[in-house]
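Q: Enclosed is the structure file structure_32.tsv (TSV, C-alpha atoms and all ligand atoms).
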```tsv
chain	number	residue	atom	x	y	z
G	1075	MET	CA	94.31	191.30	43.80
G	1076	LYS	CA	95.73	189.77	40.59
G	1077	TRP	CA	97.41	186.40	40.13
G	1078	TYR	CA	100.90	185.58	38.88
G	1079	THR	CA	100.80	181.99	37.63
G	1080	GLU	CA	103.77	179.78	36.86
G	1081	GLN	CA	103.59	176.53	34.93
G	1082	TRP	CA	105.36	173.88	37.04
G	1083	SER	CA	104.63	171.01	34.63
G	1084	ASP	CA	102.25	170.43	31.72
G	1085	HIS	CA	99.47	169.70	34.22
G	1086	CYS	CA	100.40	171.68	37.31
G	1087	LYS	CA	100.41	175.42	37.97
G	1088	PHE	CA	101.36	177.55	40.96
G	1089	SER	CA	99.77	180.96	41.61
G	1090	ILE	CA	100.69	183.88	43.83
G	1091	GLY	CA	98.44	186.85	44.52
G	1092	TYR	CA	99.93	190.30	43.95
G	1093	ASN	CA	98.70	193.87	44.33
G	1094	GLU	CA	100.80	195.59	41.70
G	1095	GLU	CA	103.33	194.92	38.98
G	1096	ILE	CA	106.16	197.33	39.76
G	1097	HIS	CA	108.30	196.88	36.65
G	1098	SER	CA	108.27	194.89	33.43
G	1099	GLU	CA	111.04	194.99	30.86
G	1100	GLN	CA	112.49	192.87	28.08
G	1101	THR	CA	116.30	193.05	28.25
G	1102	PRO	CA	118.62	191.64	25.55
G	1103	PHE	CA	118.78	188.49	27.73
G	1104	GLN	CA	115.36	187.86	29.26
G	1105	LYS	CA	112.04	189.32	30.40
G	1106	ILE	CA	112.11	190.75	33.92
G	1107	ASP	CA	108.92	191.30	35.95
G	1108	PHE	CA	108.82	192.71	39.47
G	1109	TYR	CA	105.63	192.31	41.55
G	1110	LYS	CA	104.50	193.23	45.04
G	1111	GLY	CA	102.02	191.17	47.04
G	1112	ASP	CA	100.90	190.55	50.62
G	1113	GLU	CA	102.10	186.95	51.03
G	1114	LEU	CA	105.61	187.01	49.52
G	1115	GLY	CA	106.35	190.74	49.57
G	1116	THR	CA	108.31	191.92	46.53
G	1117	PHE	CA	109.29	189.23	44.04
G	1118	PHE	CA	110.67	189.04	40.53
G	1119	THR	CA	110.50	186.54	37.70
G	1120	LEU	CA	112.74	185.98	34.67
G	1121	ASP	CA	110.99	184.68	31.56
G	1122	GLY	CA	107.98	183.82	33.71
G	1123	LEU	CA	109.88	181.81	36.35
G	1124	MET	CA	110.14	182.78	40.03
G	1125	MET	CA	113.64	183.88	40.98
G	1126	VAL	CA	113.52	185.68	44.32
G	1127	ASN	CA	110.91	186.82	46.81
G	1128	GLU	CA	111.24	188.48	50.19
G	1129	LYS	CA	109.65	185.57	52.06
G	1130	ASP	CA	111.79	182.53	51.20
G	1131	GLU	CA	115.00	184.05	49.79
G	1132	PHE	CA	116.73	183.28	53.11
G	1133	VAL	CA	116.34	179.53	52.52
G	1134	TYR	CA	118.02	179.64	49.11
G	1135	HIS	CA	120.80	182.07	50.00
G	1136	ASP	CA	121.68	180.26	53.23
G	1137	MET	CA	121.85	176.94	51.45
G	1138	ILE	CA	123.89	178.06	48.45
G	1139	THR	CA	126.50	179.68	50.73
G	1140	HIS	CA	127.01	178.14	54.16
G	1141	PRO	CA	127.56	174.38	53.50
G	1142	ALA	CA	130.74	175.22	51.55
G	1143	PHE	CA	132.09	177.45	54.34
G	1144	ALA	CA	131.40	174.81	57.00
G	1145	THR	CA	133.32	172.29	54.87
G	1146	ASN	CA	136.24	174.67	54.24
G	1147	PRO	CA	136.31	177.60	56.72
G	1148	ASP	CA	139.49	178.92	55.04
G	1149	ILE	CA	137.73	180.07	51.87
G	1150	LYS	CA	139.16	183.45	50.82
G	1151	LYS	CA	138.44	183.91	47.11
G	1152	VAL	CA	134.90	183.38	45.85
G	1153	LEU	CA	133.43	183.46	42.34
G	1154	ILE	CA	129.66	183.91	42.06
G	1155	ILE	CA	128.12	183.23	38.66
G	1156	GLY	CA	124.68	184.80	38.20
G	1157	GLY	CA	123.09	185.82	41.49
G	1158	GLY	CA	121.97	189.19	40.12
G	1159	ASP	CA	119.66	189.93	43.05
G	1160	GLY	CA	122.75	190.14	45.31
G	1161	GLY	CA	121.52	187.67	47.96
G	1162	THR	CA	124.35	185.18	47.51
G	1163	ALA	CA	126.99	187.94	47.63
G	1164	ARG	CA	125.29	189.31	50.75
G	1165	GLU	CA	125.73	185.96	52.53
G	1166	VAL	CA	129.33	185.43	51.33
G	1167	LEU	CA	130.33	188.94	52.45
G	1168	ARG	CA	129.21	188.12	56.01
G	1169	TYR	CA	132.45	186.09	56.33
G	1170	LYS	CA	135.07	188.63	57.42
G	1171	SER	CA	137.75	186.10	56.40
G	1172	VAL	CA	136.72	186.34	52.73
G	1173	GLU	CA	139.16	188.58	50.86
G	1174	LYS	CA	137.71	188.77	47.36
G	1175	VAL	CA	134.35	188.13	45.72
G	1176	VAL	CA	133.91	188.28	41.95
G	1177	MET	CA	130.30	188.26	40.81
G	1178	VAL	CA	129.65	187.62	37.11
G	1179	GLU	CA	126.05	188.37	36.19
G	1180	ILE	CA	124.97	188.39	32.55
G	1181	ASP	CA	122.17	190.93	32.94
G	1182	GLU	CA	123.06	194.17	34.73
G	1183	LEU	CA	119.42	195.20	34.89
G	1184	VAL	CA	118.62	192.34	37.29
G	1185	PHE	CA	121.08	193.86	39.75
G	1186	ARG	CA	120.05	197.50	39.19
G	1187	LEU	CA	116.34	196.68	39.64
G	1188	SER	CA	117.13	194.59	42.72
G	1189	GLN	CA	119.01	197.55	44.20
G	1190	LYS	CA	115.88	199.62	43.65
G	1191	TYR	CA	113.15	197.16	44.65
G	1192	LEU	CA	114.81	194.38	46.65
G	1193	PRO	CA	117.19	196.00	49.16
G	1194	ILE	CA	116.81	192.86	51.31
G	1195	THR	CA	119.18	191.08	48.91
G	1196	ALA	CA	121.03	193.85	47.02
G	1197	ALA	CA	121.69	196.63	49.54
G	1198	GLY	CA	125.35	197.21	50.42
G	1199	VAL	CA	126.73	194.53	48.09
G	1200	GLU	CA	128.27	196.79	45.45
G	1201	GLU	CA	129.76	199.10	48.10
G	1202	ASP	CA	131.81	196.36	49.82
G	1203	PRO	CA	135.48	196.93	48.86
G	1204	ARG	CA	136.03	193.17	48.48
G	1205	MET	CA	133.44	192.99	45.69
G	1206	GLU	CA	134.20	193.01	41.99
G	1207	MET	CA	131.08	193.07	39.80
G	1208	ILE	CA	131.33	192.00	36.18
G	1209	PHE	CA	128.35	192.08	33.83
G	1210	ASP	CA	129.14	189.31	31.37
G	1211	ASP	CA	128.43	185.68	30.55
G	1212	GLY	CA	129.65	183.35	33.32
G	1213	LEU	CA	130.85	180.73	30.84
G	1214	ALA	CA	133.00	183.29	28.99
G	1215	TYR	CA	134.40	184.49	32.33
G	1216	VAL	CA	135.59	181.07	33.51
G	1217	GLN	CA	137.04	180.28	30.09
G	1218	ASN	CA	139.39	183.24	30.51
G	1219	ALA	CA	140.08	182.92	34.26
G	1220	ALA	CA	143.48	181.75	35.54
G	1221	ASP	CA	144.10	178.18	36.81
G	1222	LYS	CA	143.45	177.61	40.53
G	1223	SER	CA	142.40	181.21	41.16
G	1224	PHE	CA	139.34	180.55	43.40
G	1225	ASP	CA	138.57	178.57	46.57
G	1226	LEU	CA	134.84	178.48	45.87
G	1227	ILE	CA	132.53	178.86	42.87
G	1228	LEU	CA	128.83	179.41	43.52
G	1229	VAL	CA	126.66	178.98	40.44
G	1230	ASP	CA	123.53	180.94	41.29
G	1231	SER	CA	121.99	180.66	37.85
G	1232	THR	CA	118.63	180.37	36.17
G	1233	ASP	CA	117.41	177.00	34.90
G	1234	PRO	CA	119.07	175.43	31.82
G	1235	ILE	CA	117.05	177.43	29.33
G	1236	SER	CA	118.11	180.47	27.28
G	1237	VAL	CA	121.02	182.40	28.85
G	1238	GLY	CA	121.51	179.88	31.67
G	1239	GLU	CA	122.04	176.90	29.36
G	1240	GLY	CA	125.83	177.23	29.07
G	1241	LEU	CA	126.14	176.91	32.86
G	1242	PHE	CA	124.88	173.31	32.71
G	1243	THR	CA	127.43	172.02	30.18
G	1244	THR	CA	130.40	169.69	30.62
G	1245	ALA	CA	132.61	172.44	29.13
G	1246	PHE	CA	131.55	174.84	31.91
G	1247	TYR	CA	132.02	172.32	34.74
G	1248	LYS	CA	135.50	171.47	33.38
G	1249	GLU	CA	136.47	175.13	33.37
G	1250	CYS	CA	135.25	175.42	36.97
G	1251	TYR	CA	137.48	172.47	37.92
G	1252	ARG	CA	140.49	174.14	36.33
G	1253	VAL	CA	139.81	177.50	37.97
G	1254	LEU	CA	139.45	176.00	41.48
G	1255	ASN	CA	142.47	175.34	43.72
G	1256	GLU	CA	143.24	171.95	45.37
G	1257	GLN	CA	140.69	172.41	48.15
G	1258	GLY	CA	138.22	173.99	45.72
G	1259	ILE	CA	134.45	173.58	46.00
G	1260	LEU	CA	131.80	174.07	43.31
G	1261	ILE	CA	128.19	174.64	44.39
G	1262	ASN	CA	125.81	174.65	41.45
G	1263	GLN	CA	122.16	174.96	40.52
G	1264	HIS	CA	120.84	171.40	40.55
G	1265	GLU	CA	117.13	171.79	39.86
G	1266	SER	CA	114.45	169.53	41.39
G	1267	PRO	CA	113.73	165.79	41.50
G	1268	TYR	CA	109.94	165.93	41.32
G	1269	PHE	CA	108.56	167.08	37.96
G	1270	SER	CA	110.05	165.12	35.09
G	1271	GLU	CA	111.56	167.97	33.09
G	1272	TYR	CA	113.40	169.28	36.15
G	1273	ALA	CA	114.39	165.76	37.22
G	1274	GLU	CA	115.97	165.14	33.85
G	1275	ASN	CA	118.05	168.30	34.19
G	1276	MET	CA	119.06	167.18	37.69
G	1277	ARG	CA	120.19	163.77	36.42
G	1278	LYS	CA	122.16	165.19	33.50
G	1279	ALA	CA	123.97	167.78	35.65
G	1280	HIS	CA	125.03	165.14	38.18
G	1281	LYS	CA	126.28	162.76	35.49
G	1282	LYS	CA	128.47	165.49	33.98
G	1283	ILE	CA	129.92	166.67	37.31
G	1284	LYS	CA	130.58	163.11	38.56
G	1285	GLY	CA	132.81	162.56	35.54
G	1286	ILE	CA	134.97	165.60	36.37
G	1287	PHE	CA	135.26	166.08	40.15
G	1288	GLN	CA	136.69	163.58	42.69
G	1289	ILE	CA	133.77	164.26	45.03
G	1290	ALA	CA	130.29	164.94	43.64
G	1291	SER	CA	127.24	165.08	45.94
G	1292	VAL	CA	123.82	166.63	45.84
G	1293	TYR	CA	121.96	168.23	48.75
G	1294	GLN	CA	118.37	169.25	49.23
G	1295	PHE	CA	116.34	171.98	50.85
G	1296	HIS	CA	112.77	173.15	51.07
G	1297	MET	CA	112.12	176.07	48.74
G	1298	PRO	CA	108.36	176.74	48.80
G	1299	THR	CA	108.18	178.89	45.64
G	1300	TYR	CA	110.35	176.81	43.28
G	1301	PRO	CA	108.68	173.99	41.31
G	1302	SER	CA	107.48	171.29	43.75
G	1303	GLY	CA	109.12	173.09	46.69
G	1304	HIS	CA	111.90	170.48	46.73
G	1305	TRP	CA	115.13	171.98	45.40
G	1306	LEU	CA	118.74	170.84	45.10
G	1307	PHE	CA	122.27	172.17	44.86
G	1308	GLY	CA	125.29	170.20	43.72
G	1309	PHE	CA	128.38	170.06	45.93
G	1310	ALA	CA	131.50	169.08	44.00
G	1311	SER	CA	135.07	169.20	45.20
G	1312	LYS	CA	138.59	168.06	44.43
G	1313	ALA	CA	139.37	166.98	48.00
G	1314	LEU	CA	136.79	167.86	50.63
G	1315	HIS	CA	133.79	165.71	51.49
G	1316	PRO	CA	130.73	167.72	52.56
G	1317	THR	CA	129.76	165.58	55.57
G	1318	LYS	CA	133.00	163.75	56.49
G	1319	ASP	CA	135.04	166.97	56.43
G	1320	ILE	CA	132.50	169.32	58.05
G	1321	LYS	CA	134.12	171.57	60.69
G	1322	VAL	CA	131.27	172.24	63.07
G	1323	GLU	CA	133.26	174.14	65.69
G	1324	ALA	CA	135.06	176.31	63.15
G	1325	TRP	CA	131.76	177.24	61.53
G	1326	ASP	CA	130.15	178.01	64.90
G	1327	ASN	CA	133.14	180.25	65.64
G	1328	PHE	CA	132.20	182.52	62.74
G	1329	GLY	CA	129.30	183.52	65.00
G	1330	LEU	CA	126.86	184.00	62.13
G	1331	LYS	CA	123.15	184.05	62.90
G	1332	THR	CA	121.26	182.17	60.19
G	1333	LYS	CA	117.55	181.59	59.79
G	1334	TYR	CA	117.61	178.28	57.83
G	1335	TYR	CA	121.12	176.81	57.86
G	1336	ASN	CA	122.72	175.08	60.83
G	1337	THR	CA	125.36	172.35	60.96
G	1338	ASP	CA	122.85	169.60	61.95
G	1339	LEU	CA	120.77	170.46	58.92
G	1340	HIS	CA	123.95	170.50	56.80
G	1341	VAL	CA	124.56	166.80	57.50
G	1342	GLY	CA	120.89	165.91	57.00
G	1343	ALA	CA	120.62	167.81	53.72
G	1344	PHE	CA	122.97	165.32	52.04
G	1345	ALA	CA	120.73	162.36	53.02
G	1346	LEU	CA	118.53	161.98	49.95
G	1347	PRO	CA	115.23	160.15	49.42
G	1348	THR	CA	115.58	156.81	47.63
G	1349	TYR	CA	113.79	157.96	44.46
G	1350	VAL	CA	116.20	160.89	44.19
G	1351	LYS	CA	119.27	158.68	44.66
G	1352	ASP	CA	117.93	156.26	42.05
G	1353	ALA	CA	117.31	159.07	39.56
G	1354	LEU	CA	120.79	160.52	40.13
G	1355	ASN	CA	122.44	157.14	39.53
G	1356	ARG	CA	120.51	156.33	36.37
G	1357	ASP	CA	122.53	156.57	33.15
G	1401	LIG	N1	119.58	184.27	43.97
G	1401	LIG	C1	118.56	183.51	43.35
G	1401	LIG	C2	118.22	184.09	42.05
G	1401	LIG	C3	118.51	183.51	40.87
G	1401	LIG	S1	118.73	184.57	39.58
G	1401	LIG	C4	119.84	183.80	38.51
G	1401	LIG	C5	120.67	184.82	37.75
G	1401	LIG	O1	121.50	184.13	36.85
G	1401	LIG	C6	119.87	185.83	36.92
G	1401	LIG	O2	120.11	187.12	37.39
G	1401	LIG	C7	120.40	185.65	35.50
G	1401	LIG	O3	120.50	186.86	34.77
G	1401	LIG	C8	121.77	185.02	35.78
G	1401	LIG	N2	122.33	184.27	34.66
G	1401	LIG	C9	121.70	183.41	33.82
G	1401	LIG	N3	122.56	182.93	32.90
G	1401	LIG	C10	123.77	183.48	33.17
G	1401	LIG	C11	125.06	183.38	32.56
G	1401	LIG	N4	125.25	182.60	31.50
G	1401	LIG	N5	126.07	184.07	33.09
G	1401	LIG	C12	125.89	184.87	34.18
G	1401	LIG	N6	124.69	185.01	34.78
G	1401	LIG	C13	123.64	184.33	34.30
G	1401	LIG	C14	118.52	182.03	40.70
G	1401	LIG	C15	117.14	181.54	40.53
G	1401	LIG	C16	117.04	180.05	40.43
G	1401	LIG	C17	115.73	179.67	39.84
G	1401	LIG	C18	115.48	178.24	39.93
G	1401	LIG	N7	114.23	177.87	39.36
```
Take the structure I supplied and represent it as structure tokens, if you would.
Ligand code: AAT

A:
Amino acid sequence: MKWYTEQWSDHCKFSIGYNEEIHSEQTPFQKIDFYKGDELGTFFTLDGLMMVNEKDEFVYHDMITHPAFATNPDIKKVLIIGGGDGGTAREVLRYKSVEKVVMVEIDELVFRLSQKYLPITAAGVEEDPRMEMIFDDGLAYVQNAADKSFDLILVDSTDPISVGEGLFTTAFYKECYRVLNEQGILINQHESPYFSEYAENMRKAHKKIKGIFQIASVYQFHMPTYPSGHWLFGFASKALHPTKDIKVEAWDNFGLKTKYYNTDLHVGAFALPTYVKDALNRD
């Protein structure tokens, strides 16, 4: 067995045993490495950071998708930015009421390799007639998209380094606001409160979004393989509040079986620890 090690902070590392490295390639955007091990199954990293593994991908993909649909069960048009492994699209496509999903991923190879090595997230996504896949920069896409053309934007991006950086800017969040309709919801990558570098990114993202959207909240979940295991998404909206406007019965009526998400957890996920609230409110 060999060890994949990820630096979580200057003084903290996280290691995962693996049996073989399946694929390693430098694309014009980032370095992709696929591994296979006994504990997490197949997993891949981008520029040395864990993206997806077979063991806990359900946590992340449930939590990026379902809270928005329980808040607005009428979502029909969805824009996914990033999400190259296909897991977010897979969850969105489970809603028969969804009419159109546009996925804008900067690096086509992430999707092609996921189709080959990670069918758990990528299988069947491209074949769904409601799917439109675009391999381009998400920021460029929203800059050119029409006003009020989506009900939901899911930003399933990497951290704010290299190609993901533009997806953490005020300019990007403003474009998302413009592209969303009156009931529109933005779910975005919100990093982690624990290690200082991640916490700083969390604070900055919230400050920017709060200045643009009428409603701006943050919710948490337990993601064992992301730095500290404590991870967040942002929930921003023009009109709908994530816990006051939750439609429990309507969501139950979708009849979806989920492994992590449920509507009790939905409400609890928005209740944040005091140190996280304090950090989010700091200027
Ligand atoms: N579903 C969880 C997996 C990811 S992957 C994030 C994806 O965002 C990658 O495929 C990357 O190529 C894509 N991406 C990065 N920047 C852009 C951009 N500007 N436009 C479009 N796509 C982009 C998320 C992992 C989260 C990791 C947290 N530590």

Q: Go through G:Thr1079, G:His1315, G:Asp1326, G:Ser1302 one by one, measure the shortest atom-to-atom distance of each to Glu1271 in chain G using all atoms listed in the file, and give the residue with the smallest value.

A: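 Closest residue, counting all atoms listed in the file: G:Ser1302.
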
Q: Name the residues in contact with range 1242-1251 of chain G at a cut-off of 7 Å, using only C-alpha atoms, excluding same-chain residues fewer than 3 positions from it; report them as a list in words.

A: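 Non-adjacent residues within range: Leu1213, Val1216, Gln1217, Pro1234, Glu1239, Leu1254, Ala1279, Lys1282, Ile1283 and Ile1286 of chain G.
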
Q: Nearest residue to Asp1225 in chain G out of G:Lys1151, G:Lys1321, G:Lys1333, G:Lys1351, using only C-alpha atoms?

A: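 Checking each candidate against Asp1225 in chain G, we get G:Lys1151 as the closest.
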
Q: Please identify all protein, DNA and RNA residues within 8 Å of ligand LIG 1401 (chain G), counting all atoms listed in the file, and report them as a PDB file with C-alpha atoms, in the coordinates of the input.

A:
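File written: selection.pdb
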```
ATOM      1  CA  PHE G1103     118.780 188.490  27.730  1.00  0.00           C
ATOM      2  CA  GLN G1104     115.360 187.860  29.260  1.00  0.00           C
ATOM      3  CA  LEU G1120     112.740 185.980  34.670  1.00  0.00           C
ATOM      4  CA  LEU G1123     109.880 181.810  36.350  1.00  0.00           C
ATOM      5  CA  MET G1124     110.140 182.780  40.030  1.00  0.00           C
ATOM      6  CA  MET G1125     113.640 183.880  40.980  1.00  0.00           C
ATOM      7  CA  VAL G1126     113.520 185.680  44.320  1.00  0.00           C
ATOM      8  CA  GLU G1131     115.000 184.050  49.790  1.00  0.00           C
ATOM      9  CA  TYR G1134     118.020 179.640  49.110  1.00  0.00           C
ATOM     10  CA  HIS G1135     120.800 182.070  50.000  1.00  0.00           C
ATOM     11  CA  ILE G1155     128.120 183.230  38.660  1.00  0.00           C
ATOM     12  CA  GLY G1156     124.680 184.800  38.200  1.00  0.00           C
ATOM     13  CA  GLY G1157     123.090 185.820  41.490  1.00  0.00           C
ATOM     14  CA  GLY G1158     121.970 189.190  40.120  1.00  0.00           C
ATOM     15  CA  ASP G1159     119.660 189.930  43.050  1.00  0.00           C
ATOM     16  CA  GLY G1160     122.750 190.140  45.310  1.00  0.00           C
ATOM     17  CA  GLY G1161     121.520 187.670  47.960  1.00  0.00           C
ATOM     18  CA  THR G1162     124.350 185.180  47.510  1.00  0.00           C
ATOM     19  CA  VAL G1178     129.650 187.620  37.110  1.00  0.00           C
ATOM     20  CA  GLU G1179     126.050 188.370  36.190  1.00  0.00           C
ATOM     21  CA  ILE G1180     124.970 188.390  32.550  1.00  0.00           C
ATOM     22  CA  ASP G1181     122.170 190.930  32.940  1.00  0.00           C
ATOM     23  CA  GLU G1182     123.060 194.170  34.730  1.00  0.00           C
ATOM     24  CA  VAL G1184     118.620 192.340  37.290  1.00  0.00           C
ATOM     25  CA  PHE G1185     121.080 193.860  39.750  1.00  0.00           C
ATOM     26  CA  PHE G1209     128.350 192.080  33.830  1.00  0.00           C
ATOM     27  CA  ASP G1210     129.140 189.310  31.370  1.00  0.00           C
ATOM     28  CA  ASP G1211     128.430 185.680  30.550  1.00  0.00           C
ATOM     29  CA  GLY G1212     129.650 183.350  33.320  1.00  0.00           C
ATOM     30  CA  LEU G1213     130.850 180.730  30.840  1.00  0.00           C
ATOM     31  CA  ASP G1230     123.530 180.940  41.290  1.00  0.00           C
ATOM     32  CA  SER G1231     121.990 180.660  37.850  1.00  0.00           C
ATOM     33  CA  THR G1232     118.630 180.370  36.170  1.00  0.00           C
ATOM     34  CA  ASP G1233     117.410 177.000  34.900  1.00  0.00           C
ATOM     35  CA  SER G1236     118.110 180.470  27.280  1.00  0.00           C
ATOM     36  CA  VAL G1237     121.020 182.400  28.850  1.00  0.00           C
ATOM     37  CA  GLY G1238     121.510 179.880  31.670  1.00  0.00           C
ATOM     38  CA  GLU G1239     122.040 176.900  29.360  1.00  0.00           C
ATOM     39  CA  GLY G1240     125.830 177.230  29.070  1.00  0.00           C
ATOM     40  CA  LEU G1241     126.140 176.910  32.860  1.00  0.00           C
ATOM     41  CA  GLN G1263     122.160 174.960  40.520  1.00  0.00           C
ATOM     42  CA  GLU G1265     117.130 171.790  39.860  1.00  0.00           C
ATOM     43  CA  TYR G1300     110.350 176.810  43.280  1.00  0.00           C
ATOM     44  CA  PRO G1301     108.680 173.990  41.310  1.00  0.00           C
TER      45      PRO G1301
END
```

Q: Nearest to Asp1357 in chain G: which of G:Asp1221, G:Ala1310, G:His1097, G:Glu1274 is it, counting only C-alpha atoms?

A: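 That would be G:Glu1274, the residue with the smallest distance to Asp1357 in chain G.
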
Q: Excluding Asn1327 in chain G and residues on its chain fewer than 6 positions from it, collect all residues at most 12 Å away from it, counting all atoms listed in the file, and give them as a short mmCIF file (atom, residue, chain, number, x, y, z; two decimals) with C-alpha atoms, in the frame of the given file.

A:
```cif
data_model
loop_
_atom_site.label_atom_id
_atom_site.label_comp_id
_atom_site.auth_asym_id
_atom_site.auth_seq_id
_atom_site.Cartn_x
_atom_site.Cartn_y
_atom_site.Cartn_z
CA PHE G 1143 132.09 177.45 54.34
CA ALA G 1144 131.40 174.81 57.00
CA PRO G 1147 136.31 177.60 56.72
CA TYR G 1169 132.45 186.09 56.33
CA LYS G 1170 135.07 188.63 57.42
CA SER G 1171 137.75 186.10 56.40
CA LYS G 1321 134.12 171.57 60.69
#
```

Q: Hey, what's within 10 Å of Arg1356 in chain G if we count only C-alpha atoms and toss same-chain stuff fewer than 3 positions away? As a list in words, please?

A: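 Contacts, with the query itself left out: Arg1277, Lys1278, Lys1281, Lys1351, Asp1352 and Ala1353 of chain G.
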
Q: Go ahead and compute the interatomic distance for CA of Phe1118 in chain G and CA of Ala1197 in chain G, in Å to one decimal.

A: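 So the two atoms, CA of Phe1118 in chain G and CA of Ala1197 in chain G, lie 16.1 Å apart.
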
Q: Quick one: pull the distance between CA of Asn1355 in chain G and CA of Gly1258 in chain G, Å, one decimal.

A: 23.9 Å

Q: Which residue out of G:Lys1190, G:Phe1224, G:Val1175, G:Ala1142 has the minimum interatomic distance to Met1205 in chain G when all atoms listed in the file are used?

A: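 Result for the nearest residue to Met1205 in chain G: G:Val1175.
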
Q: Excluding Glu1113 in chain G and any residue of its chain fewer than 2 positions from it, enumerate the residues within 12 Å of it, using all atoms listed in the file, and give them as a list of chain:residue names.

A: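 Skipping anything fewer than 2 positions along the chain leaves G:Met1075, G:Trp1077, G:Ser1089, G:Ile1090, G:Gly1091, G:Tyr1092, G:Asn1093, G:Tyr1109, G:Lys1110, G:Gly1111, G:Gly1115, G:Thr1116, G:Phe1117, G:Asn1127, G:Glu1128, G:Lys1129, G:Asp1130, G:Thr1299.
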
Q: If you take every atom of range 1235-1242 of chain G that the file lists and fit an axis-aligned box around them with 6 Å extra on each side, what centre and edge lengths come out in Å to one decimal, as lines of an AutoDock Vina configuration file?

A:
```
center_x = 121.6
center_y = 177.9
center_z = 30.1
size_x = 21.1
size_y = 21.1
size_z = 17.6
```
